[in-house]
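*Asks:* Contents of work.txt (compact mmCIF, C-alpha atoms):
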# COMPACT_ATOMS: atom_id res chain seq x y z
CA MET A 1 242.40 21.11 121.79
CA LEU A 2 242.00 21.80 118.09
CA GLU A 3 244.84 22.13 115.58
CA ILE A 4 244.19 22.86 111.93
CA SER A 5 246.34 23.50 108.87
CA LEU A 6 244.07 23.61 105.84
CA LYS A 7 244.03 24.66 102.19
CA LYS A 8 241.16 24.75 99.71
CA GLN A 9 241.15 26.35 96.27
CA LEU A 10 237.95 28.28 95.59
CA GLU A 11 236.89 30.03 92.41
CA ASP A 12 238.34 33.44 93.31
CA PHE A 13 240.97 32.69 95.96
CA GLU A 14 242.55 29.98 98.08
CA VAL A 15 241.54 29.40 101.67
CA GLY A 16 244.66 28.74 103.73
CA VAL A 17 244.63 28.80 107.55
CA ASN A 18 246.72 27.56 110.47
CA LEU A 19 245.20 27.66 113.95
CA SER A 20 245.73 26.06 117.34
CA LEU A 21 243.05 26.37 120.05
CA ASP A 22 242.57 25.14 123.58
CA GLU A 23 239.18 25.10 125.34
CA GLU A 24 238.45 28.68 124.31
CA LEU A 25 236.05 30.64 122.15
CA LEU A 26 237.57 31.95 118.92
CA VAL A 27 235.71 34.38 116.67
CA LEU A 28 236.39 34.21 112.93
CA PHE A 29 235.62 37.75 111.80
CA GLY A 30 235.67 39.27 108.36
CA PRO A 31 233.59 40.43 105.40
CA SER A 32 231.05 38.22 103.64
CA GLY A 33 232.67 35.88 101.16
CA ALA A 34 236.06 35.87 102.90
CA GLY A 35 236.06 32.10 103.48
CA LYS A 36 234.94 31.92 107.12
CA THR A 37 232.16 29.36 106.60
CA MET A 38 234.41 27.26 104.37
CA ILE A 39 236.86 26.94 107.28
CA LEU A 40 234.07 25.56 109.50
CA LYS A 41 232.96 23.13 106.79
CA MET A 42 236.51 21.79 106.42
CA ILE A 43 236.90 21.34 110.19
CA SER A 44 233.58 19.48 110.41
CA GLY A 45 234.28 17.28 107.38
CA ILE A 46 231.39 18.59 105.28
CA VAL A 47 233.94 19.82 102.72
CA LYS A 48 237.17 17.95 102.06
CA PRO A 49 240.26 20.19 102.05
CA ASP A 50 242.72 20.00 99.16
CA ASP A 51 245.58 19.73 101.61
CA GLY A 52 246.25 19.86 105.34
CA ARG A 53 245.46 18.33 108.68
CA VAL A 54 242.80 18.53 111.44
CA VAL A 55 243.54 17.22 114.93
CA SER A 56 240.98 17.35 117.76
CA GLY A 57 241.75 16.17 121.28
CA GLY A 58 244.81 14.33 120.00
CA GLU A 59 242.80 12.41 117.37
CA VAL A 60 243.64 12.97 113.71
CA LEU A 61 240.38 13.73 111.90
CA PHE A 62 241.91 14.61 108.56
CA ASP A 63 245.38 14.25 107.09
CA SER A 64 245.88 14.62 103.36
CA SER A 65 249.37 13.10 103.45
CA SER A 66 248.28 9.82 105.10
CA GLY A 67 244.75 9.64 103.63
CA VAL A 68 242.91 9.94 106.97
CA ASN A 69 239.42 11.42 106.62
CA VAL A 70 237.12 10.59 109.55
CA PRO A 71 233.41 10.75 108.58
CA VAL A 72 231.40 13.74 109.80
CA ARG A 73 229.23 11.70 112.19
CA LYS A 74 232.31 10.26 113.97
CA ARG A 75 234.28 13.47 114.46
CA LYS A 76 232.53 14.64 117.66
CA VAL A 77 232.27 18.08 116.13
CA GLY A 78 229.02 19.99 116.72
CA TYR A 79 227.94 22.30 113.91
CA LEU A 80 225.16 24.84 114.49
CA PHE A 81 223.78 26.09 111.19
CA GLN A 82 222.19 29.48 110.51
CA ASP A 83 218.80 27.90 109.80
CA TYR A 84 218.76 25.78 113.03
CA ALA A 85 217.91 22.52 111.11
CA LEU A 86 215.47 21.30 113.79
CA PHE A 87 213.37 18.22 113.06
CA PRO A 88 209.84 19.64 112.49
CA HIS A 89 208.06 16.44 113.59
CA MET A 90 209.87 16.29 116.95
CA THR A 91 209.21 18.24 120.14
CA VAL A 92 211.86 20.38 121.83
CA GLU A 93 212.89 17.59 124.19
CA GLU A 94 212.91 15.01 121.38
CA ASN A 95 215.11 17.25 119.25
CA ILE A 96 217.56 17.68 122.13
CA ALA A 97 217.59 13.95 122.94
CA TYR A 98 218.15 12.92 119.32
CA GLY A 99 221.95 12.89 119.44
CA ILE A 100 222.39 11.45 122.94
CA GLU A 101 223.85 7.97 123.16
CA GLY A 102 223.49 5.70 126.19
CA PRO A 103 220.77 4.64 128.65
CA LYS A 104 217.40 6.38 128.48
CA ALA A 105 217.59 7.51 132.12
CA SER A 106 220.90 9.33 131.65
CA ALA A 107 219.61 10.84 128.41
CA GLY A 108 216.57 12.20 130.24
CA LYS A 109 218.81 13.74 132.91
CA LYS A 110 220.95 15.38 130.21
CA VAL A 111 217.89 16.79 128.46
CA SER A 112 216.54 18.24 131.72
CA GLU A 113 219.91 19.85 132.45
CA LEU A 114 220.04 21.46 129.01
CA LEU A 115 216.42 22.61 129.15
CA GLY A 116 217.26 24.54 132.31
CA LEU A 117 220.56 25.92 131.04
CA MET A 118 219.02 27.07 127.74
CA ARG A 119 215.92 28.63 129.38
CA LEU A 120 213.63 26.14 127.65
CA ALA A 121 211.89 24.69 130.71
CA GLY A 122 208.14 24.59 130.06
CA LEU A 123 208.62 24.41 126.29
CA GLU A 124 209.73 20.79 126.08
CA LYS A 125 206.47 19.53 124.51
CA ARG A 126 206.32 22.22 121.84
CA PHE A 127 207.15 21.65 118.19
CA PRO A 128 209.52 23.92 116.23
CA HIS A 129 206.68 25.79 114.48
CA GLU A 130 205.39 26.82 117.92
CA LEU A 131 208.69 28.46 118.93
CA SER A 132 210.09 31.94 118.45
CA GLY A 133 213.36 32.43 116.57
CA GLY A 134 215.34 32.72 119.79
CA GLN A 135 213.73 29.58 121.24
CA LYS A 136 214.52 27.65 118.06
CA GLN A 137 218.14 28.79 118.25
CA ARG A 138 218.46 27.73 121.89
CA THR A 139 216.88 24.35 121.09
CA ALA A 140 219.31 23.80 118.22
CA LEU A 141 222.26 24.70 120.44
CA ALA A 142 221.02 22.41 123.21
CA ARG A 143 220.72 19.54 120.71
CA THR A 144 224.28 20.19 119.51
CA LEU A 145 225.65 20.23 123.07
CA ALA A 146 223.70 17.10 124.05
CA ALA A 147 225.94 15.02 121.77
CA GLU A 148 228.93 16.15 123.90
CA PRO A 149 231.12 17.39 121.05
CA ARG A 150 234.82 18.09 121.56
CA VAL A 151 234.54 21.07 119.18
CA LEU A 152 231.59 23.41 118.68
CA LEU A 153 231.24 25.32 115.38
CA LEU A 154 228.76 28.22 115.16
CA ASP A 155 228.05 29.73 111.75
CA GLU A 156 226.56 33.21 112.29
CA PRO A 157 224.09 31.69 114.77
CA PHE A 158 222.27 34.93 115.65
CA SER A 159 222.16 36.70 112.28
CA ALA A 160 218.44 36.08 111.64
CA LEU A 161 217.28 37.35 115.04
CA ASP A 162 216.29 40.83 116.16
CA TYR A 163 218.68 42.95 118.22
CA GLN A 164 217.26 42.30 121.70
CA VAL A 165 217.15 38.54 121.16
CA ARG A 166 220.69 38.55 119.74
CA GLU A 167 221.98 40.47 122.74
CA LYS A 168 220.44 37.98 125.19
CA LEU A 169 221.67 34.94 123.25
CA ARG A 170 225.21 36.31 123.17
CA ALA A 171 225.13 36.48 126.97
CA ASP A 172 223.68 32.95 127.02
CA LEU A 173 226.51 31.69 124.84
CA LEU A 174 229.17 33.10 127.16
CA ASN A 175 227.45 31.42 130.12
CA ILE A 176 227.17 28.14 128.22
CA HIS A 177 230.86 28.24 127.36
CA ARG A 178 231.61 28.75 131.04
CA VAL A 179 229.52 25.67 131.95
CA TYR A 180 230.73 23.63 128.95
CA PRO A 181 234.29 24.90 128.30
CA ILE A 182 234.85 23.20 124.96
CA THR A 183 236.78 24.49 121.96
CA THR A 184 234.37 26.81 120.15
CA VAL A 185 234.74 28.60 116.80
CA LEU A 186 232.13 31.21 115.94
CA VAL A 187 231.79 32.92 112.55
CA THR A 188 230.40 36.45 112.34
CA HIS A 189 230.70 39.65 110.35
CA ASP A 190 228.96 41.62 113.12
CA LEU A 191 231.53 43.89 114.77
CA GLU A 192 229.62 44.24 118.06
CA GLU A 193 229.18 40.47 118.28
CA ALA A 194 232.88 39.87 117.65
CA PHE A 195 233.85 42.32 120.40
CA MET A 196 231.38 40.90 122.93
CA LEU A 197 232.14 37.21 122.37
CA GLY A 198 235.71 37.00 121.17
CA LYS A 199 238.43 37.00 123.78
CA LYS A 200 240.45 35.74 120.84
CA ILE A 201 239.73 36.92 117.29
CA ALA A 202 241.07 35.88 113.88
CA VAL A 203 240.40 38.33 111.05
CA ILE A 204 239.82 36.50 107.76
CA ASN A 205 240.32 38.25 104.43
CA ASN A 206 240.34 36.49 101.05
CA GLY A 207 240.78 33.10 102.69
CA SER A 208 243.74 34.00 104.89
CA ILE A 209 244.19 35.09 108.48
CA GLU A 210 245.27 38.72 108.25
CA GLN A 211 245.61 39.05 112.03
CA SER A 212 244.83 36.94 115.06
CA GLY A 213 245.21 37.66 118.75
CA THR A 214 243.36 38.95 121.77
CA ARG A 215 240.32 41.18 121.37
CA GLU A 216 242.32 44.20 122.56
CA ASP A 217 245.17 43.56 120.10
CA VAL A 218 242.92 43.18 117.09
CA PHE A 219 240.57 46.07 117.89
CA TYR A 220 243.06 48.62 119.16
CA ARG A 221 246.35 47.52 117.57
CA PRO A 222 245.54 46.46 113.98
CA LYS A 223 248.50 45.27 111.93
CA THR A 224 247.16 46.33 108.52
CA ARG A 225 244.88 48.98 107.04
CA ASN A 226 242.43 46.21 106.06
CA VAL A 227 242.15 44.96 109.65
CA ALA A 228 241.69 48.53 110.88
CA ARG A 229 238.80 49.03 108.44
CA PHE A 230 237.20 45.70 109.31
CA MET A 231 237.37 46.66 113.00
CA GLY A 232 235.37 49.82 112.40
CA VAL A 233 238.28 52.27 112.31
CA ARG A 234 237.42 54.87 109.68
CA ASN A 235 240.12 57.35 110.71
CA ILE A 236 243.16 55.96 108.88
CA PHE A 237 245.87 58.33 107.68
CA ALA A 238 249.17 58.12 105.81
CA GLY A 239 252.28 60.21 106.30
CA ALA A 240 256.05 60.18 106.60
CA VAL A 241 258.18 60.02 109.71
CA SER A 242 259.55 63.51 110.40
CA GLY A 243 261.28 62.79 113.68
CA LEU A 244 261.61 60.73 116.84
CA GLU A 245 260.98 62.17 120.28
CA ASP A 246 261.69 59.93 123.27
CA SER A 247 259.06 57.17 123.08
CA ASN A 248 257.02 59.03 120.44
CA ILE A 249 257.12 59.27 116.69
CA LEU A 250 256.33 62.43 114.71
CA ILE A 251 254.39 61.86 111.49
CA ASP A 252 254.01 64.58 108.86
CA THR A 253 250.69 64.17 107.04
CA PRO A 254 249.72 66.07 103.87
CA ASP A 255 246.43 67.49 105.20
CA ILE A 256 246.45 67.63 108.99
CA GLY A 257 250.05 68.50 109.73
CA VAL A 258 252.44 66.85 112.16
CA ILE A 259 250.91 64.22 114.45
CA LYS A 260 252.59 62.83 117.55
CA ALA A 261 251.99 59.14 118.29
CA PRO A 262 253.48 56.47 120.54
CA ARG A 263 256.22 54.42 118.94
CA PRO A 264 255.03 50.79 118.64
CA PRO A 265 257.29 48.41 120.56
CA GLY A 266 259.64 46.31 118.48
CA PHE A 267 259.69 48.60 115.43
CA GLN A 268 262.49 50.82 114.16
CA PHE A 269 261.67 54.02 112.28
CA SER A 270 263.80 56.40 110.25
CA PRO A 271 263.07 59.94 108.93
CA GLY A 272 261.19 59.91 105.65
CA GLN A 273 259.77 56.42 106.17
CA GLU A 274 256.14 56.15 105.05
CA VAL A 275 253.72 54.90 107.68
CA SER A 276 249.98 54.74 108.35
CA PHE A 277 248.23 55.39 111.63
CA CYS A 278 244.67 55.15 112.91
CA ILE A 279 242.42 56.17 115.78
CA ARG A 280 239.02 54.77 116.64
CA PRO A 281 236.00 57.15 116.40
CA GLU A 282 235.20 56.79 120.10
CA GLU A 283 238.79 57.66 121.07
CA ILE A 284 238.75 61.20 119.60
CA LEU A 285 238.29 63.93 122.22
CA VAL A 286 236.04 66.91 121.49
CA ILE A 287 237.36 69.92 123.41
CA ARG A 288 234.87 72.22 125.13
CA PRO A 289 235.17 75.83 123.94
CA ASP A 290 235.66 77.08 127.51
CA ARG A 291 238.23 74.45 128.48
CA VAL A 292 241.80 75.38 129.35
CA LEU A 293 243.86 72.91 127.37
CA GLY A 294 246.25 71.98 130.17
CA LYS A 295 247.74 68.57 129.40
CA VAL A 296 245.83 68.28 126.11
CA GLN A 297 248.39 69.96 123.87
CA ASP A 298 249.14 67.49 121.09
CA ASN A 299 247.33 66.76 117.84
CA ILE A 300 244.66 69.47 118.17
CA LEU A 301 242.64 70.04 114.99
CA GLU A 302 240.09 72.67 113.97
CA CYS A 303 237.12 70.94 112.36
CA ASP A 304 233.73 71.65 110.79
CA ILE A 305 230.81 69.36 111.59
CA THR A 306 229.39 68.25 108.24
CA GLY A 307 227.07 65.45 109.35
CA ALA A 308 225.46 63.86 112.42
CA ILE A 309 223.64 60.55 112.77
CA GLY A 310 221.99 59.13 115.89
CA LYS A 311 223.00 55.57 116.76
CA GLY A 312 221.04 54.46 119.80
CA SER A 313 222.89 55.73 122.85
CA THR A 314 225.59 57.48 120.79
CA HIS A 315 225.93 59.93 117.91
CA ILE A 316 228.25 59.68 114.93
CA LEU A 317 229.70 63.06 113.91
CA TYR A 318 231.31 63.54 110.53
CA LEU A 319 233.97 66.24 110.54
CA GLU A 320 236.29 67.84 107.99
CA THR A 321 239.65 69.37 108.79
CA GLY A 322 242.73 70.82 107.11
CA HIS A 323 243.25 72.35 103.68
CA GLY A 324 242.27 69.15 101.95
CA ARG A 325 239.03 68.86 103.95
CA THR A 326 240.20 65.56 105.42
CA PRO A 327 237.24 63.59 106.85
CA LEU A 328 237.11 62.46 110.47
CA LYS A 329 234.55 60.22 112.12
CA VAL A 330 233.81 60.76 115.83
CA GLU A 331 231.48 58.77 118.08
CA LEU A 332 230.17 60.45 121.24
CA PRO A 333 227.56 59.65 123.91
CA ASN A 334 224.27 61.46 123.30
CA PHE A 335 224.56 63.49 126.50
CA VAL A 336 227.89 64.96 125.31
CA VAL A 337 226.36 65.95 121.97
CA ARG A 338 223.46 67.65 123.77
CA LYS A 339 225.61 69.34 126.41
CA LEU A 340 228.05 70.79 123.88
CA GLU A 341 225.24 71.57 121.42
CA LEU A 342 227.11 69.86 118.61
CA ALA A 343 225.29 70.22 115.30
CA VAL A 344 225.96 70.40 111.57
CA GLY A 345 227.60 73.70 110.64
CA ARG A 346 229.40 74.25 113.94
CA GLN A 347 233.17 74.46 114.31
CA VAL A 348 234.87 72.39 117.00
CA LYS A 349 238.33 71.57 118.26
CA VAL A 350 239.26 67.94 118.65
CA SER A 351 242.31 66.15 119.98
CA LEU A 352 243.71 62.98 118.49
CA LYS A 353 245.10 61.93 121.86
CA LYS A 354 248.48 60.41 121.17
CA GLU A 355 247.95 57.47 123.55
CA ASN A 356 244.90 56.47 121.48
CA ILE A 357 246.74 56.50 118.13
CA TRP A 358 248.12 53.25 116.73
CA VAL A 359 250.86 53.34 114.11
CA ILE A 360 250.56 50.68 111.41
CA ALA A 361 254.20 50.06 110.54
Please render this file's structure as structure tokens.

*Replies:*
Amino acid sequence: MLEISLKKQLEDFEVGVNLSLDEELLVLFGPSGAGKTMILKMISGIVKPDDGRVVSGGEVLFDSSSGVNVPVRKRKVGYLFQDYALFPHMTVEENIAYGIEGPKASAGKKVSELLGLMRLAGLEKRFPHELSGGQKQRTALARTLAAEPRVLLLDEPFSALDYQVREKLRADLLNIHRVYPITTVLVTHDLEEAFMLGKKIAVINNGSIEQSGTREDVFYRPKTRNVARFMGVRNIFAGAVSGLEDSNILIDTPDIGVIKAPRPPGFQFSPGQEVSFCIRPEEILVIRPDRVLGKVQDNILECDITGAIGKGSTHILYLETGHGRTPLKVELPNFVVRKLELAVGRQVKVSLKKENIWVIA
């Protein structure tokens, strides 16, 4: 278990975080320069906090009030850097064995186990300059795990690798965490990586945690406009409450009219209250011209397609709607775009399905 309460004054802002983790994988997500790496450095002991406390597995590693500051090498905290930091004069197996304490026979068994787990079997006699980027990364991770840390810190570990290698290593990391279920904190500003790896996510902005929770809470139920933007939600609107209808809230917006949305649990709303709401691009429904609306009756907008960009297996459509030409961003599978012959210049109807709208109170 890891418990931290840390503060550090930087040039432009103060880093201040409070977190408590069991044997789980937490993703620290946020824009570059938000303070994510500084949090890892304070946990590891590389940087001394101005104030606070770090406790790992019941052992106090840092406490500003009592003067405790355990040296980096004694904290049993593994830190995987972006640049791998492998020893160039050592082979793969020598790099992995470097941090193992104890009898040589048990060290050899541990190295063999990690070589298999990290898909490095057959490469043990190679030197770092003979390895690909992905192989170097797996070797560095194996070396970190060989020291049996209580906490594993990963600072954007896949950022320098190409897409296919990153995708495979993300899957490897999830498997490794299953085999070695230790407290793990991973820093990234890659949205796809955060979604794939983070069952629990903390969004960092200007040194503070703006929201933390499960992947579903953070991605689909953002608490602030900043979090919504960081999570890839470009469809964020403002309006005023115009009425309450059973479990729904009616929001009058300047450009797209009255929108019906589910009322978030635990919040009270009154007419005239200003609120924001959002909907993810992939949650917007494009209505076929020949479709009978049926149950799809709410939040239907007439739009013009003003832009289209291919994105691998999906397309991003940029739409404009309403008198103020309010922009909308929609993400659709390629086969839908082809089947409906969606192209720049066409007019379409879309539905902001109320169950997919999240009100930011």

*Asks:* One decimal, Å: what's the distance from atom CA of Asn356 of chain A over to atom CA of Arg215 of chain A, could you say?

*Replies:* 16.0 Å

*Asks:* To one decimal place in Å, what is the distance between atom CA of Leu25 of chain A and atom CA of Val359 of chain A?

*Replies:*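 These two atoms are separated by 28.3 Å.
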
*Asks:* Between segment 194-286 of chain A and segment 330-352 of chain A, at 9 Å or less, what are the per-residue closest atom pairs and their distances in Å? Count all atoms listed in the file, order by chain and rising residue number, and return it as a tab-separated table.

*Replies:*
residue	atom	partner	partner_atom	distance
A:Asn235	CA	A:Val330	CA	8.8
A:Ile259	CA	A:Leu352	CA	8.3
A:Lys260	CA	A:Leu352	CA	8.9
A:Ile279	CA	A:Leu352	CA	7.4
A:Arg280	CA	A:Val330	CA	8.0
A:Pro281	CA	A:Val330	CA	4.3
A:Glu282	CA	A:Glu331	CA	4.7
A:Glu283	CA	A:Leu352	CA	7.7
A:Ile284	CA	A:Leu352	CA	5.4
A:Leu285	CA	A:Ser351	CA	5.1
A:Val286	CA	A:Val350	CA	4.4

*Asks:* Just to confirm, what's the straight-line distance from atom CA of Met90 of chain A to atom CA of Leu152 of chain A in Å (one decimal)?

*Replies:* 22.9 Å

*Asks:* Taking into account all atoms listed in the file, which residue in the set A:Val72, A:Val27, A:Ile287, A:Val151 is nearest to Gly45 of chain A?

*Replies:*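 Selected residue with least distance to Gly45 of chain A: A:Val72.
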
*Asks:* Tell me which residues come within 12 Å of (232.0, 29.6, 102.8), as a ChimeraX atom specification, counting all atoms listed in the file in the file's coordinates.

*Replies:* /A:8-11,13-15,28,30-42,46-47,155-156,187-188,204,206-207

*Asks:* Extract, using only C-alpha atoms, all DNA, RNA and protein residues at most 8 Å from Phe158 of chain A, discarding same-chain residues fewer than 5 positions from it, and format them as a PyMOL selection string.

*Replies:* chain A and resi 82+137+166+169

*Asks:* Restore N, CA and C atoms in segment 234-248 of chain A and list the result as a PDB file, in the coordinates of the input.

*Replies:*
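Okay, result_16.pdb is ready:
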ATOM      1  N   ARG A 234     237.540  54.133 110.931  1.00  0.00           N
ATOM      2  CA  ARG A 234     237.420  54.870 109.680  1.00  0.00           C
ATOM      3  C   ARG A 234     238.457  56.000 109.584  1.00  0.00           C
ATOM      4  N   ASN A 235     239.128  56.286 110.693  1.00  0.00           N
ATOM      5  CA  ASN A 235     240.120  57.350 110.710  1.00  0.00           C
ATOM      6  C   ASN A 235     241.505  56.738 110.501  1.00  0.00           C
ATOM      7  N   ILE A 236     241.873  56.556 109.245  1.00  0.00           N
ATOM      8  CA  ILE A 236     243.160  55.960 108.880  1.00  0.00           C
ATOM      9  C   ILE A 236     243.897  56.972 107.996  1.00  0.00           C
ATOM     10  N   PHE A 237     245.126  57.285 108.376  1.00  0.00           N
ATOM     11  CA  PHE A 237     245.870  58.330 107.680  1.00  0.00           C
ATOM     12  C   PHE A 237     247.248  57.805 107.272  1.00  0.00           C
ATOM     13  N   ALA A 238     247.828  58.462 106.277  1.00  0.00           N
ATOM     14  CA  ALA A 238     249.170  58.120 105.810  1.00  0.00           C
ATOM     15  C   ALA A 238     250.063  59.349 105.937  1.00  0.00           C
ATOM     16  N   GLY A 239     251.328  59.118 106.196  1.00  0.00           N
ATOM     17  CA  GLY A 239     252.280  60.210 106.300  1.00  0.00           C
ATOM     18  C   GLY A 239     253.693  59.678 106.281  1.00  0.00           C
ATOM     19  N   ALA A 240     254.633  60.561 106.566  1.00  0.00           N
ATOM     20  CA  ALA A 240     256.050  60.180 106.600  1.00  0.00           C
ATOM     21  C   ALA A 240     256.642  60.569 107.945  1.00  0.00           C
ATOM     22  N   VAL A 241     257.530  59.736 108.440  1.00  0.00           N
ATOM     23  CA  VAL A 241     258.180  60.020 109.710  1.00  0.00           C
ATOM     24  C   VAL A 241     259.036  61.286 109.572  1.00  0.00           C
ATOM     25  N   SER A 242     258.778  62.264 110.440  1.00  0.00           N
ATOM     26  CA  SER A 242     259.550  63.510 110.400  1.00  0.00           C
ATOM     27  C   SER A 242     260.509  63.630 111.572  1.00  0.00           C
ATOM     28  N   GLY A 243     260.372  62.743 112.551  1.00  0.00           N
ATOM     29  CA  GLY A 243     261.280  62.790 113.680  1.00  0.00           C
ATOM     30  C   GLY A 243     260.897  61.819 114.763  1.00  0.00           C
ATOM     31  N   LEU A 244     261.823  61.592 115.692  1.00  0.00           N
ATOM     32  CA  LEU A 244     261.610  60.730 116.840  1.00  0.00           C
ATOM     33  C   LEU A 244     261.817  61.553 118.105  1.00  0.00           C
ATOM     34  N   GLU A 245     260.938  61.364 119.063  1.00  0.00           N
ATOM     35  CA  GLU A 245     260.980  62.170 120.280  1.00  0.00           C
ATOM     36  C   GLU A 245     260.716  61.267 121.477  1.00  0.00           C
ATOM     37  N   ASP A 246     261.802  60.863 122.148  1.00  0.00           N
ATOM     38  CA  ASP A 246     261.690  59.930 123.270  1.00  0.00           C
ATOM     39  C   ASP A 246     260.955  58.663 122.816  1.00  0.00           C
ATOM     40  N   SER A 247     259.804  58.383 123.439  1.00  0.00           N
ATOM     41  CA  SER A 247     259.060  57.170 123.080  1.00  0.00           C
ATOM     42  C   SER A 247     257.983  57.454 122.030  1.00  0.00           C
ATOM     43  N   ASN A 248     258.019  58.637 121.437  1.00  0.00           N
ATOM     44  CA  ASN A 248     257.020  59.030 120.440  1.00  0.00           C
ATOM     45  C   ASN A 248     257.626  59.122 119.054  1.00  0.00           C
TER      46      ASN A 248
END
